[in-house]
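Participant: Sharing query-v8.cif, mmCIF, C-alpha atoms:
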```
data_work
#
loop_
_atom_site.label_atom_id
_atom_site.label_comp_id
_atom_site.auth_asym_id
_atom_site.auth_seq_id
_atom_site.Cartn_x
_atom_site.Cartn_y
_atom_site.Cartn_z
CA MET Y 199 96.85 107.85 100.59
CA GLY Y 200 95.67 108.26 97.03
CA ASP Y 201 97.77 111.44 96.68
CA ALA Y 202 100.90 109.50 97.72
CA VAL Y 203 101.32 107.73 94.40
CA THR Y 204 104.69 108.65 92.93
CA SER Y 205 105.40 106.20 90.12
CA PRO Y 206 102.98 105.06 87.42
CA PRO Y 207 101.81 101.45 87.35
CA PRO Y 208 102.96 99.17 84.53
CA ASP Y 209 101.47 100.16 81.19
CA PRO Y 210 99.54 97.30 79.54
CA ALA Y 211 99.75 99.10 76.21
CA THR Y 212 103.40 98.03 75.94
CA ALA Y 213 102.41 94.34 75.86
CA SER Y 214 102.51 92.85 72.38
CA THR Y 215 101.95 89.18 73.30
CA PRO Y 216 99.88 87.33 75.89
CA GLY Y 217 103.11 86.47 77.70
CA GLU Y 218 104.05 90.14 78.01
CA PHE Y 219 100.50 90.91 79.17
CA VAL Y 220 100.76 88.33 81.97
CA ASP Y 221 104.21 89.66 82.89
CA ALA Y 222 102.68 93.15 83.19
CA LEU Y 223 100.02 91.74 85.51
CA ASP Y 224 102.74 90.29 87.74
CA ARG Y 225 104.66 93.59 87.71
CA LEU Y 226 101.51 95.43 88.73
CA ARG Y 227 101.27 93.29 91.86
CA LEU Y 228 104.93 94.06 92.64
CA TRP Y 229 104.21 97.78 92.10
CA ALA Y 230 101.34 97.50 94.58
CA GLY Y 231 103.66 96.13 97.28
CA ARG Y 232 103.06 92.47 96.45
CA PRO Y 233 99.80 92.03 98.40
CA SER Y 234 99.28 88.42 99.41
CA LEU Y 235 97.02 86.20 97.31
CA ARG Y 236 94.72 85.92 100.30
CA ARG Y 237 94.44 89.69 100.55
CA LEU Y 238 93.72 90.00 96.83
CA ARG Y 239 90.93 87.47 97.22
CA HIS Y 240 89.54 89.49 100.11
CA LEU Y 241 89.73 92.80 98.22
CA ALA Y 242 88.12 91.36 95.09
CA GLY Y 243 85.17 89.92 96.97
CA ARG Y 244 82.61 87.65 95.32
CA SER Y 245 81.27 87.52 91.76
CA THR Y 246 78.26 85.88 90.17
CA THR Y 247 78.74 83.27 87.44
CA PRO Y 248 76.41 83.18 84.40
CA ASP Y 249 74.45 80.37 86.10
CA GLY Y 250 73.93 82.50 89.21
CA GLN Y 251 76.48 80.95 91.59
CA GLN Y 252 78.48 83.12 94.01
CA VAL Y 253 82.22 82.43 93.79
CA ASP Y 254 85.47 84.16 94.77
CA ALA Y 255 86.41 86.67 92.08
CA LEU Y 256 90.12 85.97 92.65
CA PRO Y 257 90.77 82.49 94.04
CA PRO Y 258 94.44 82.28 95.11
CA SER Y 259 94.96 79.15 93.01
CA THR Y 260 93.71 80.96 89.90
CA VAL Y 261 95.92 84.00 90.55
CA SER Y 262 98.97 81.78 91.03
CA TYR Y 263 98.14 79.74 87.93
CA THR Y 264 97.75 82.88 85.83
CA LEU Y 265 100.80 84.81 87.04
CA ASN Y 266 103.01 81.74 86.59
CA GLY Y 267 102.05 81.72 82.91
CA ARG Y 268 100.40 78.32 83.05
CA GLY Y 269 97.42 79.57 81.06
CA LEU Y 270 99.53 80.72 78.11
CA PRO Y 271 99.39 81.10 75.16
CA GLY Y 272 95.83 82.20 75.92
CA LEU Y 273 95.00 85.37 77.82
CA PRO Y 274 93.42 85.24 81.28
CA ARG Y 275 89.68 85.82 81.32
CA LEU Y 276 88.65 89.46 81.04
CA ALA Y 277 86.61 89.20 84.26
CA PHE Y 278 89.75 87.97 86.05
CA VAL Y 279 91.79 90.89 84.68
CA GLU Y 280 89.19 93.44 85.82
CA ALA Y 281 88.98 91.97 89.33
CA TYR Y 282 92.77 91.60 89.64
CA ILE Y 283 93.56 95.15 88.49
CA THR Y 284 90.91 96.61 90.79
CA ALA Y 285 92.17 94.63 93.79
CA CYS Y 286 95.84 95.56 93.22
CA LEU Y 287 95.04 99.25 92.86
CA THR Y 288 92.70 99.17 95.84
CA ALA Y 289 95.57 97.74 97.90
CA CYS Y 290 97.38 101.00 97.11
CA ASP Y 291 94.31 103.05 97.99
CA LEU Y 292 94.06 104.78 94.62
CA PRO Y 293 91.00 106.99 94.13
CA SER Y 294 88.12 105.23 92.40
CA GLU Y 295 88.40 107.49 89.35
CA GLN Y 296 92.01 106.46 88.79
CA ILE Y 297 91.13 102.80 89.27
CA GLU Y 298 88.41 103.07 86.64
CA GLU Y 299 90.84 104.68 84.21
CA GLN Y 300 93.43 101.97 84.79
CA VAL Y 301 90.89 99.15 84.44
CA ALA Y 302 89.79 100.64 81.12
CA ARG Y 303 93.42 100.68 79.90
CA TRP Y 304 93.84 97.01 80.77
CA GLN Y 305 90.53 96.15 79.11
CA ASP Y 306 91.67 97.89 75.90
CA ALA Y 307 95.00 96.07 75.97
CA TRP Y 308 93.26 92.73 76.56
CA ARG Y 309 90.90 93.25 73.62
CA ARG Y 310 93.80 94.28 71.37
CA LEU Y 311 95.62 91.00 72.06
CA ALA Y 312 92.62 88.69 72.33
CA THR Y 313 92.10 85.86 69.86
CA PRO Y 314 88.68 84.36 68.98
CA GLY Y 315 89.37 81.70 71.59
CA ASP Y 316 89.86 84.39 74.26
CA LEU Y 317 86.82 86.39 73.16
CA GLU Y 318 84.35 83.50 73.35
CA PRO Y 319 84.44 83.13 77.19
CA ALA Y 320 84.23 86.93 77.52
CA ALA Y 321 81.15 86.99 75.33
CA GLN Y 322 79.58 84.25 77.43
CA GLU Y 323 80.30 86.23 80.60
CA ALA Y 324 78.72 89.34 79.08
CA GLU Y 325 75.68 87.35 77.96
CA GLY Y 326 75.24 85.92 81.45
CA ALA Y 327 75.54 89.37 82.98
CA THR Y 328 73.07 91.01 80.61
CA SER Y 329 70.54 88.21 81.03
CA GLN Y 330 69.91 89.46 84.56
CA PRO Y 331 67.11 92.07 84.87
CA HIS Y 332 68.37 95.59 85.41
CA SER Y 333 67.30 99.18 84.92
CA PRO Y 334 68.52 101.19 81.90
CA ASP Y 335 70.98 103.19 83.97
CA GLN Y 336 72.61 99.92 85.06
CA ALA Y 337 73.65 99.04 81.54
CA SER Y 338 76.84 97.04 81.34
CA SER Y 339 79.24 99.88 80.67
CA ARG Y 340 82.84 99.36 81.70
CA ALA Y 341 82.82 102.26 84.14
CA GLY Y 342 79.56 101.13 85.68
CA ARG Y 343 80.83 97.60 86.36
CA THR Y 344 84.02 98.98 87.85
CA ARG Y 345 82.12 101.38 90.11
CA LEU Y 346 80.01 98.52 91.44
CA MET Y 347 83.15 96.58 92.28
CA LEU Y 348 84.76 99.61 93.90
CA ALA Y 349 81.70 100.26 96.05
CA GLY Y 350 82.23 96.92 97.73
CA LEU Y 351 85.92 97.59 98.24
CA ALA Y 352 85.81 101.15 99.50
CA GLY Y 353 85.86 100.38 103.21
CA LEU Y 354 88.06 97.29 103.17
CA ALA Y 355 91.45 98.95 102.92
CA ALA Y 356 90.76 102.19 104.80
CA GLY Y 357 91.55 100.90 108.29
CA ALA Y 358 94.59 98.80 107.45
CA LEU Y 359 96.50 100.75 104.80
CA ILE Y 360 98.07 103.21 107.22
CA ALA Y 361 99.56 100.29 109.14
CA THR Y 362 100.69 98.28 106.10
CA VAL Y 363 103.46 100.49 104.75
CA VAL Y 364 106.18 99.94 107.34
CA THR Y 365 108.44 97.10 108.40
CA LEU Y 366 108.33 96.71 112.12
CA PHE Y 367 111.37 97.23 114.27
CA LEU Y 368 111.22 98.56 117.80
CA ARG Y 369 113.13 101.74 118.60
CA PRO Y 370 114.16 102.49 122.19
CA ALA Y 371 111.59 104.69 123.88
CA ALA Y 372 112.52 107.43 126.29
CA GLY Y 373 113.15 105.92 129.69
CA GLN Y 374 112.60 102.35 128.50
CA GLY Y 375 115.05 99.63 127.65
CA ILE Y 376 113.40 98.22 124.53
CA PRO Y 377 116.22 97.55 122.07
CA LEU Y 378 116.39 98.37 118.40
CA VAL Y 379 115.33 95.24 116.54
CA ARG Y 380 116.97 94.92 113.16
CA GLY Y 381 119.46 92.88 111.19
CA GLU Y 382 120.56 89.70 112.97
CA ASP Y 383 119.56 90.95 116.41
CA PRO Y 384 118.08 88.03 118.40
CA ASN Y 385 115.16 90.30 119.26
CA ARG Y 386 114.19 90.69 115.60
CA CYS Y 387 110.54 89.98 114.83
CA ASP Y 388 109.65 88.53 111.42
CA SER Y 389 106.36 87.28 110.07
CA PRO Y 390 104.59 84.96 110.80
CA TYR Y 391 105.45 85.70 114.44
CA VAL Y 392 103.86 88.27 116.73
CA CYS Y 393 106.43 89.37 119.31
CA PHE Y 394 106.26 90.90 122.78
CA TYR Y 395 108.91 93.07 124.44
CA ASP Y 396 109.88 94.29 127.87
CA HIS Y 397 113.61 95.10 128.13
CA GLY Y 398 114.10 92.63 125.28
CA GLN Y 399 111.91 90.09 123.53
CA THR Y 400 109.89 88.04 126.02
CA GLY Y 401 108.05 85.73 123.65
CA ARG Y 402 106.52 85.25 120.22
CA PHE Y 403 103.39 83.60 118.86
CA ARG Y 404 102.33 82.43 115.41
CA ASP Y 405 99.25 80.17 115.64
CA VAL Y 406 95.86 81.38 114.48
CA THR Y 407 93.35 80.27 117.12
CA ASP Y 408 89.64 80.52 117.85
CA GLU Y 409 90.29 80.97 121.57
CA TYR Y 410 92.67 83.17 123.51
CA GLN Y 411 96.00 81.63 124.53
CA PRO Y 412 97.98 82.77 127.59
CA LEU Y 413 100.98 85.01 127.07
CA ASN Y 414 102.94 83.12 129.74
CA ASP Y 415 106.38 84.78 129.96
CA SER Y 416 105.06 87.71 127.90
CA ARG Y 417 102.31 88.49 130.38
CA ASP Y 418 102.28 92.13 131.52
CA THR Y 419 104.79 93.22 128.84
CA SER Y 420 104.99 96.77 127.51
CA ALA Y 421 105.10 96.44 123.71
CA MET Y 422 103.99 94.20 120.86
CA ALA Y 423 105.10 94.01 117.21
CA ASN Y 424 102.89 92.37 114.58
CA PRO Y 425 104.71 92.06 111.23
CA ARG Y 426 102.01 89.81 109.73
CA LYS Y 427 100.63 91.62 106.70
CA ASP Y 428 97.03 90.41 106.86
CA ASP Y 429 96.11 89.22 110.37
CA VAL Y 430 94.79 91.27 113.26
CA VAL Y 431 95.71 90.42 116.85
CA TRP Y 432 93.26 90.46 119.73
CA LEU Y 433 94.61 91.11 123.24
CA ARG Y 434 92.93 90.45 126.55
CA TRP Y 435 93.85 91.98 129.90
CA GLU Y 436 93.54 90.39 133.33
CA ASP Y 437 90.22 92.14 134.01
CA GLY Y 438 88.70 90.70 130.81
CA HIS Y 439 89.03 93.85 128.68
CA THR Y 440 89.76 93.01 125.01
CA GLU Y 441 91.09 95.06 122.10
CA CYS Y 442 91.82 94.41 118.44
CA THR Y 443 95.14 95.58 116.97
CA LEU Y 444 95.99 96.10 113.29
CA PRO Y 445 98.36 94.00 111.21
CA PHE Y 446 101.86 95.28 110.38
CA ALA Y 447 102.04 97.62 113.37
CA THR Y 448 103.74 98.17 116.73
CA TYR Y 449 101.80 98.90 119.92
CA ARG Y 450 102.56 100.12 123.42
CA LEU Y 451 100.58 98.10 125.92
CA ALA Y 452 98.97 99.06 129.19
CA PRO Y 453 99.95 96.89 132.18
CA LYS Y 454 98.47 93.48 132.90
CA VAL Y 455 97.92 92.23 129.35
CA ALA Y 456 97.39 88.49 129.71
CA ASP Y 457 96.21 86.68 126.57
CA ILE Y 458 96.50 86.76 122.77
CA ARG Y 459 94.39 85.58 119.85
CA ILE Y 460 95.69 85.87 116.27
CA SER Y 461 92.83 86.15 113.79
CA ARG Y 462 92.57 85.79 110.01
CA ASP Y 463 90.51 88.98 109.88
CA TYR Y 464 92.01 91.86 107.93
CA HIS Y 465 90.56 94.75 109.89
CA CYS Y 466 89.30 95.50 113.38
CA PRO Y 467 85.71 96.29 114.24
CA SER Y 468 84.84 99.75 115.47
CA GLN Y 469 86.03 100.20 119.05
CA THR Y 470 85.18 102.95 121.51
CA GLY Y 471 86.60 104.05 124.82
CA GLU Y 472 90.14 104.53 126.05
CA ARG Y 473 92.68 102.33 124.32
CA ARG Y 474 95.08 100.14 126.27
CA ALA Y 475 96.98 99.12 123.13
CA VAL Y 476 98.25 102.34 121.56
CA LEU Y 477 99.65 102.42 118.02
CA ASP Y 478 103.18 103.69 118.35
CA PRO Y 479 104.52 105.20 115.10
CA ALA Y 480 107.59 106.45 116.99
CA ALA Y 481 108.55 102.83 117.62
CA VAL Y 482 108.89 101.79 113.99
CA VAL Y 483 111.60 102.37 111.43
CA PRO Y 484 110.13 102.92 107.94
CA ALA Y 485 111.26 100.41 105.34
CA PRO Y 486 111.35 101.03 101.58
CA LEU Y 487 107.73 101.42 100.55
CA PRO Y 488 106.03 99.84 97.54
CA PRO Y 489 106.46 101.91 94.35
CA CYS Y 490 102.84 103.04 94.63
CA TYR Y 491 103.56 104.97 97.83
CA ALA Y 492 105.51 108.12 98.58
CA THR Y 493 107.60 108.40 101.69
CA THR Y 494 109.25 111.25 103.54
CA PRO Y 495 112.54 110.32 105.22
CA PRO Y 496 112.18 110.55 109.01
CA ARG Y 497 113.99 113.34 110.78
CA PRO Y 498 117.12 111.99 112.45
CA GLN Y 499 116.94 111.88 116.22
CA ALA Y 500 119.84 112.71 118.50
CA GLY Y 501 122.06 109.68 118.80
CA ASP Y 502 120.44 107.84 115.88
CA SER Y 503 122.71 105.96 113.54
CA PRO Y 504 122.32 106.74 109.82
CA THR Y 505 119.70 104.56 108.20
CA PRO Y 506 121.38 102.15 105.78
CA THR Y 507 120.45 102.60 102.15
#
```
Please lay out the structure from this file as structure tokens.

Facilitator:
Amino acid sequence: MGDAVTSPPPDPATASTPGEFVDALDRLRLWAGRPSLRRLRHLAGRSTTPDGQQVDALPPSTVSYTLNGRGLPGLPRLAFVEAYITACLTACDLPSEQIEEQVARWQDAWRRLATPGDLEPAAQEAEGATSQPHSPDQASSRAGRTRLMLAGLAGLAAGALIATVVTLFLRPAAGQGIPLVRGEDPNRCDSPYVCFYDHGQTGRFRDVTDEYQPLNDSRDTSAMANPRKDDVVWLRWEDGHTECTLPFATYRLAPKVADIRISRDYHCPSQTGERRAVLDPAAVVPAPLPPCYATTPPRPQAGDSPTPT
């Protein structure tokens, strides 16, 4: 969806103080659709400290601390800024070339505002990075470091992004009595719940578990909505067949689904064969998308009410 970007991200060049720089970082996350701190940590992956330890590049506690301005009047570490910008833009599926350009802009803005106290940790990070043996063509250029980070991120968002740009509400299907779920309707499904439907909502689940749990009253239902932004849902049928379903999506289900397992995974493994859980784009009503996405208004269907604006 890299060609779907319609509004530019916040410009760090407009920041004249560390506070304005941090505010721009927060606005960038909003522009990217406010990905969860857990998803940012996942997208950023791991980094190596100067002493060789592997750590999360974006621990949620550090992101929260920084965006809340608790590190002011100092700037956040340059390595944090690079990882954060890359993760936010990857959440919007920007092409790697555009991400590199944006990271370079934020690096320039950071250096323009940095004080000697900010520069010292950055110099230590650079010294630790260059102390590792590497070939000449792996010199620590800004673009080279960004490309290495992007290489680890390239496949992480591909499977889930298509399913993470809609808010899930079931639309009646031809010949079926599944109601429209919106507003204060008792059948509404909001995160953190995963909801099942068959002529109305039959049940909802929220617990992340290591084992499957029975669907009980939702057994053998015809549809499932998962509004959780980060967690896949595994389903198991009576004959033992299992399938993984994406977060933030609605599915039509084959008969005799029996069990559910909500997982903290962000994406499903490769699956082959005929699907019993079928992604149903006709069963969702698009919500306003993050500023980094374009959207085409859906064609009105006969009998549809106007979509509120």

Participant: In Å to one decimal, how far is atom CA of Y:Glu299 from atom CA of Y:Pro248?

Facilitator: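 Separating atom CA of Y:Pro248 from atom CA of Y:Glu299 is a distance of 25.9 Å.
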
Participant: Could you list, as a list of chain:residue names, every residue matched by the PyMOL selection byres ((chain Y and resi 308) around 9) in this structure?

Facilitator: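 So the PyMOL selection byres ((chain Y and resi 308) around 9), applied here, picks out Y:Pro210, Y:Pro216, Y:Phe219, Y:Leu273, Y:Pro274, Y:Leu276, Y:Val279, Y:Arg303, Y:Trp304, Y:Gln305, Y:Asp306, Y:Ala307, Y:Arg309, Y:Arg310, Y:Leu311, Y:Ala312.
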
Participant: Counting all atoms listed in the file, figure out which residue out of Y:Arg417, Y:Arg275, Y:Arg473, Y:Lys454 gets nearest to Y:Glu441.

Facilitator: Y:Arg473

Participant: For a quick check of your reading of the model, name the residues lying within 12 Å of the coordinate (99.4, 81.3, 90.5), counting only C-alpha atoms, and write them as an NGL selection string.

Facilitator: :Y and (220 or 223-224 or 234-236 or 256-269 or 274)

Participant: With C-alpha atoms retained, export the selected residues as a PDB file, in the coordinates of the input.

Facilitator:
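Written file, out-v7.pdb:
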```
ATOM      1  CA  VAL Y 220     100.760  88.330  81.970  1.00  0.00           C
ATOM      2  CA  LEU Y 223     100.020  91.740  85.510  1.00  0.00           C
ATOM      3  CA  ASP Y 224     102.740  90.290  87.740  1.00  0.00           C
ATOM      4  CA  SER Y 234      99.280  88.420  99.410  1.00  0.00           C
ATOM      5  CA  LEU Y 235      97.020  86.200  97.310  1.00  0.00           C
ATOM      6  CA  ARG Y 236      94.720  85.920 100.300  1.00  0.00           C
ATOM      7  CA  LEU Y 256      90.120  85.970  92.650  1.00  0.00           C
ATOM      8  CA  PRO Y 257      90.770  82.490  94.040  1.00  0.00           C
ATOM      9  CA  PRO Y 258      94.440  82.280  95.110  1.00  0.00           C
ATOM     10  CA  SER Y 259      94.960  79.150  93.010  1.00  0.00           C
ATOM     11  CA  THR Y 260      93.710  80.960  89.900  1.00  0.00           C
ATOM     12  CA  VAL Y 261      95.920  84.000  90.550  1.00  0.00           C
ATOM     13  CA  SER Y 262      98.970  81.780  91.030  1.00  0.00           C
ATOM     14  CA  TYR Y 263      98.140  79.740  87.930  1.00  0.00           C
ATOM     15  CA  THR Y 264      97.750  82.880  85.830  1.00  0.00           C
ATOM     16  CA  LEU Y 265     100.800  84.810  87.040  1.00  0.00           C
ATOM     17  CA  ASN Y 266     103.010  81.740  86.590  1.00  0.00           C
ATOM     18  CA  GLY Y 267     102.050  81.720  82.910  1.00  0.00           C
ATOM     19  CA  ARG Y 268     100.400  78.320  83.050  1.00  0.00           C
ATOM     20  CA  GLY Y 269      97.420  79.570  81.060  1.00  0.00           C
ATOM     21  CA  PRO Y 274      93.420  85.240  81.280  1.00  0.00           C
TER      22      PRO Y 274
END
```

Participant: Work out how far atom CA of Y:Leu228 is from atom CA of Y:Pro271, in Å to one decimal.

Facilitator: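 Atom-to-atom, atom CA of Y:Pro271 to atom CA of Y:Leu228, that is 22.5 Å.
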
Participant: Would you please work out which residue, of Y:Asn424, Y:Cys393, Y:Thr440, Y:Asp463, is nearest to Y:Leu477 when using only C-alpha atoms?

Facilitator: Y:Asn424

Participant: Take atom CA of Y:Gly398 and atom CA of Y:Ser416 and report the distance between them in Å, one decimal.

Facilitator: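 So the answer is 10.6 Å.
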
Participant: Please list as a CSV table (one decimal) with C-alpha atoms, keeping the file's coordinate frame every residue within 10 Å of Y:Pro208, counting all atoms listed in the file and excluding residues in the same chain fewer than 3 positions away.

Facilitator:
```csv
chain,number,residue,atom,x,y,z
Y,205,SER,CA,105.4,106.2,90.1
Y,211,ALA,CA,99.8,99.1,76.2
Y,212,THR,CA,103.4,98.0,75.9
Y,213,ALA,CA,102.4,94.3,75.9
Y,221,ASP,CA,104.2,89.7,82.9
Y,222,ALA,CA,102.7,93.2,83.2
Y,223,LEU,CA,100.0,91.7,85.5
Y,224,ASP,CA,102.7,90.3,87.7
Y,225,ARG,CA,104.7,93.6,87.7
Y,226,LEU,CA,101.5,95.4,88.7
Y,227,ARG,CA,101.3,93.3,91.9
Y,228,LEU,CA,104.9,94.1,92.6
Y,229,TRP,CA,104.2,97.8,92.1
Y,300,GLN,CA,93.4,102.0,84.8
```

Participant: I'd like to know which of Y:Tyr282, Y:Tyr464, Y:Tyr391, Y:Trp432 is closest to Y:Arg404, using all atoms listed in the file.

Facilitator: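 Selected residue with least distance to Y:Arg404: Y:Tyr391.
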
Participant: Please put the answer as JSON: centre and edge lengths, in Å with one decimal, of a box along x, y and z that encloses all listed atoms of stretch 218-223 of chain Y plus 6 Å on each side.

Facilitator:
```
{"center_x": 102.1, "center_y": 90.7, "center_z": 81.8, "size_x": 16.2, "size_y": 16.8, "size_z": 19.5}
```

Participant: Quick check on the file I pasted: which residues fall under the PyMOL selection byres ((chain Y and resi 436) around 8)? Write them as a PDB file with C-alpha atoms, in the frame of the given file.

Facilitator:
```pdb
ATOM      1  CA  ARG Y 434      92.930  90.450 126.550  1.00  0.00           C
ATOM      2  CA  TRP Y 435      93.850  91.980 129.900  1.00  0.00           C
ATOM      3  CA  ASP Y 437      90.220  92.140 134.010  1.00  0.00           C
ATOM      4  CA  GLY Y 438      88.700  90.700 130.810  1.00  0.00           C
ATOM      5  CA  HIS Y 439      89.030  93.850 128.680  1.00  0.00           C
ATOM      6  CA  LYS Y 454      98.470  93.480 132.900  1.00  0.00           C
ATOM      7  CA  VAL Y 455      97.920  92.230 129.350  1.00  0.00           C
ATOM      8  CA  ALA Y 456      97.390  88.490 129.710  1.00  0.00           C
TER       9      ALA Y 456
END
```

Participant: With all atoms listed in the file as the basis for distance, which of Y:Arg232, Y:Glu218, Y:Ala277, Y:Ile458 is at the shortest distance from Y:Ser245?

Facilitator: Y:Ala277

Participant: Can stretch 239-253 of chain Y be brought up to N, CA and C atoms and written out as a PDB file, keeping the file's coordinate frame?

Facilitator:
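Output saved as part_9.pdb:
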```
ATOM      1  N   ARG Y 239      92.236  88.125  97.218  1.00  0.00           N
ATOM      2  CA  ARG Y 239      90.930  87.470  97.220  1.00  0.00           C
ATOM      3  C   ARG Y 239      89.943  88.262  98.066  1.00  0.00           C
ATOM      4  N   HIS Y 240      90.403  88.728  99.213  1.00  0.00           N
ATOM      5  CA  HIS Y 240      89.540  89.490 100.110  1.00  0.00           C
ATOM      6  C   HIS Y 240      89.109  90.811  99.460  1.00  0.00           C
ATOM      7  N   LEU Y 241      90.040  91.517  98.843  1.00  0.00           N
ATOM      8  CA  LEU Y 241      89.730  92.800  98.220  1.00  0.00           C
ATOM      9  C   LEU Y 241      88.791  92.642  97.022  1.00  0.00           C
ATOM     10  N   ALA Y 242      88.943  91.556  96.282  1.00  0.00           N
ATOM     11  CA  ALA Y 242      88.120  91.360  95.090  1.00  0.00           C
ATOM     12  C   ALA Y 242      86.698  90.941  95.423  1.00  0.00           C
ATOM     13  N   GLY Y 243      86.509  90.314  96.573  1.00  0.00           N
ATOM     14  CA  GLY Y 243      85.170  89.920  96.970  1.00  0.00           C
ATOM     15  C   GLY Y 243      84.620  88.763  96.151  1.00  0.00           C
ATOM     16  N   ARG Y 244      83.314  88.747  95.986  1.00  0.00           N
ATOM     17  CA  ARG Y 244      82.610  87.650  95.320  1.00  0.00           C
ATOM     18  C   ARG Y 244      82.058  88.139  93.986  1.00  0.00           C
ATOM     19  N   SER Y 245      81.888  87.216  93.052  1.00  0.00           N
ATOM     20  CA  SER Y 245      81.270  87.520  91.760  1.00  0.00           C
ATOM     21  C   SER Y 245      80.217  86.462  91.462  1.00  0.00           C
ATOM     22  N   THR Y 246      79.354  86.776  90.543  1.00  0.00           N
ATOM     23  CA  THR Y 246      78.260  85.880  90.170  1.00  0.00           C
ATOM     24  C   THR Y 246      78.550  85.273  88.801  1.00  0.00           C
ATOM     25  N   THR Y 247      78.534  83.954  88.707  1.00  0.00           N
ATOM     26  CA  THR Y 247      78.740  83.270  87.440  1.00  0.00           C
ATOM     27  C   THR Y 247      77.490  83.385  86.579  1.00  0.00           C
ATOM     28  N   PRO Y 248      77.596  83.104  85.265  1.00  0.00           N
ATOM     29  CA  PRO Y 248      76.410  83.180  84.400  1.00  0.00           C
ATOM     30  C   PRO Y 248      75.246  82.310  84.876  1.00  0.00           C
ATOM     31  N   ASP Y 249      75.549  81.215  85.611  1.00  0.00           N
ATOM     32  CA  ASP Y 249      74.450  80.370  86.100  1.00  0.00           C
ATOM     33  C   ASP Y 249      73.976  80.779  87.488  1.00  0.00           C
ATOM     34  N   GLY Y 250      74.457  81.948  87.978  1.00  0.00           N
ATOM     35  CA  GLY Y 250      73.930  82.500  89.210  1.00  0.00           C
ATOM     36  C   GLY Y 250      74.655  82.094  90.483  1.00  0.00           C
ATOM     37  N   GLN Y 251      75.764  81.375  90.400  1.00  0.00           N
ATOM     38  CA  GLN Y 251      76.480  80.950  91.590  1.00  0.00           C
ATOM     39  C   GLN Y 251      77.422  82.063  92.073  1.00  0.00           C
ATOM     40  N   GLN Y 252      77.561  82.175  93.403  1.00  0.00           N
ATOM     41  CA  GLN Y 252      78.480  83.120  94.010  1.00  0.00           C
ATOM     42  C   GLN Y 252      79.828  82.444  94.236  1.00  0.00           C
ATOM     43  N   VAL Y 253      80.882  83.016  93.675  1.00  0.00           N
ATOM     44  CA  VAL Y 253      82.220  82.430  93.790  1.00  0.00           C
ATOM     45  C   VAL Y 253      83.205  83.554  94.095  1.00  0.00           C
TER      46      VAL Y 253
END
```
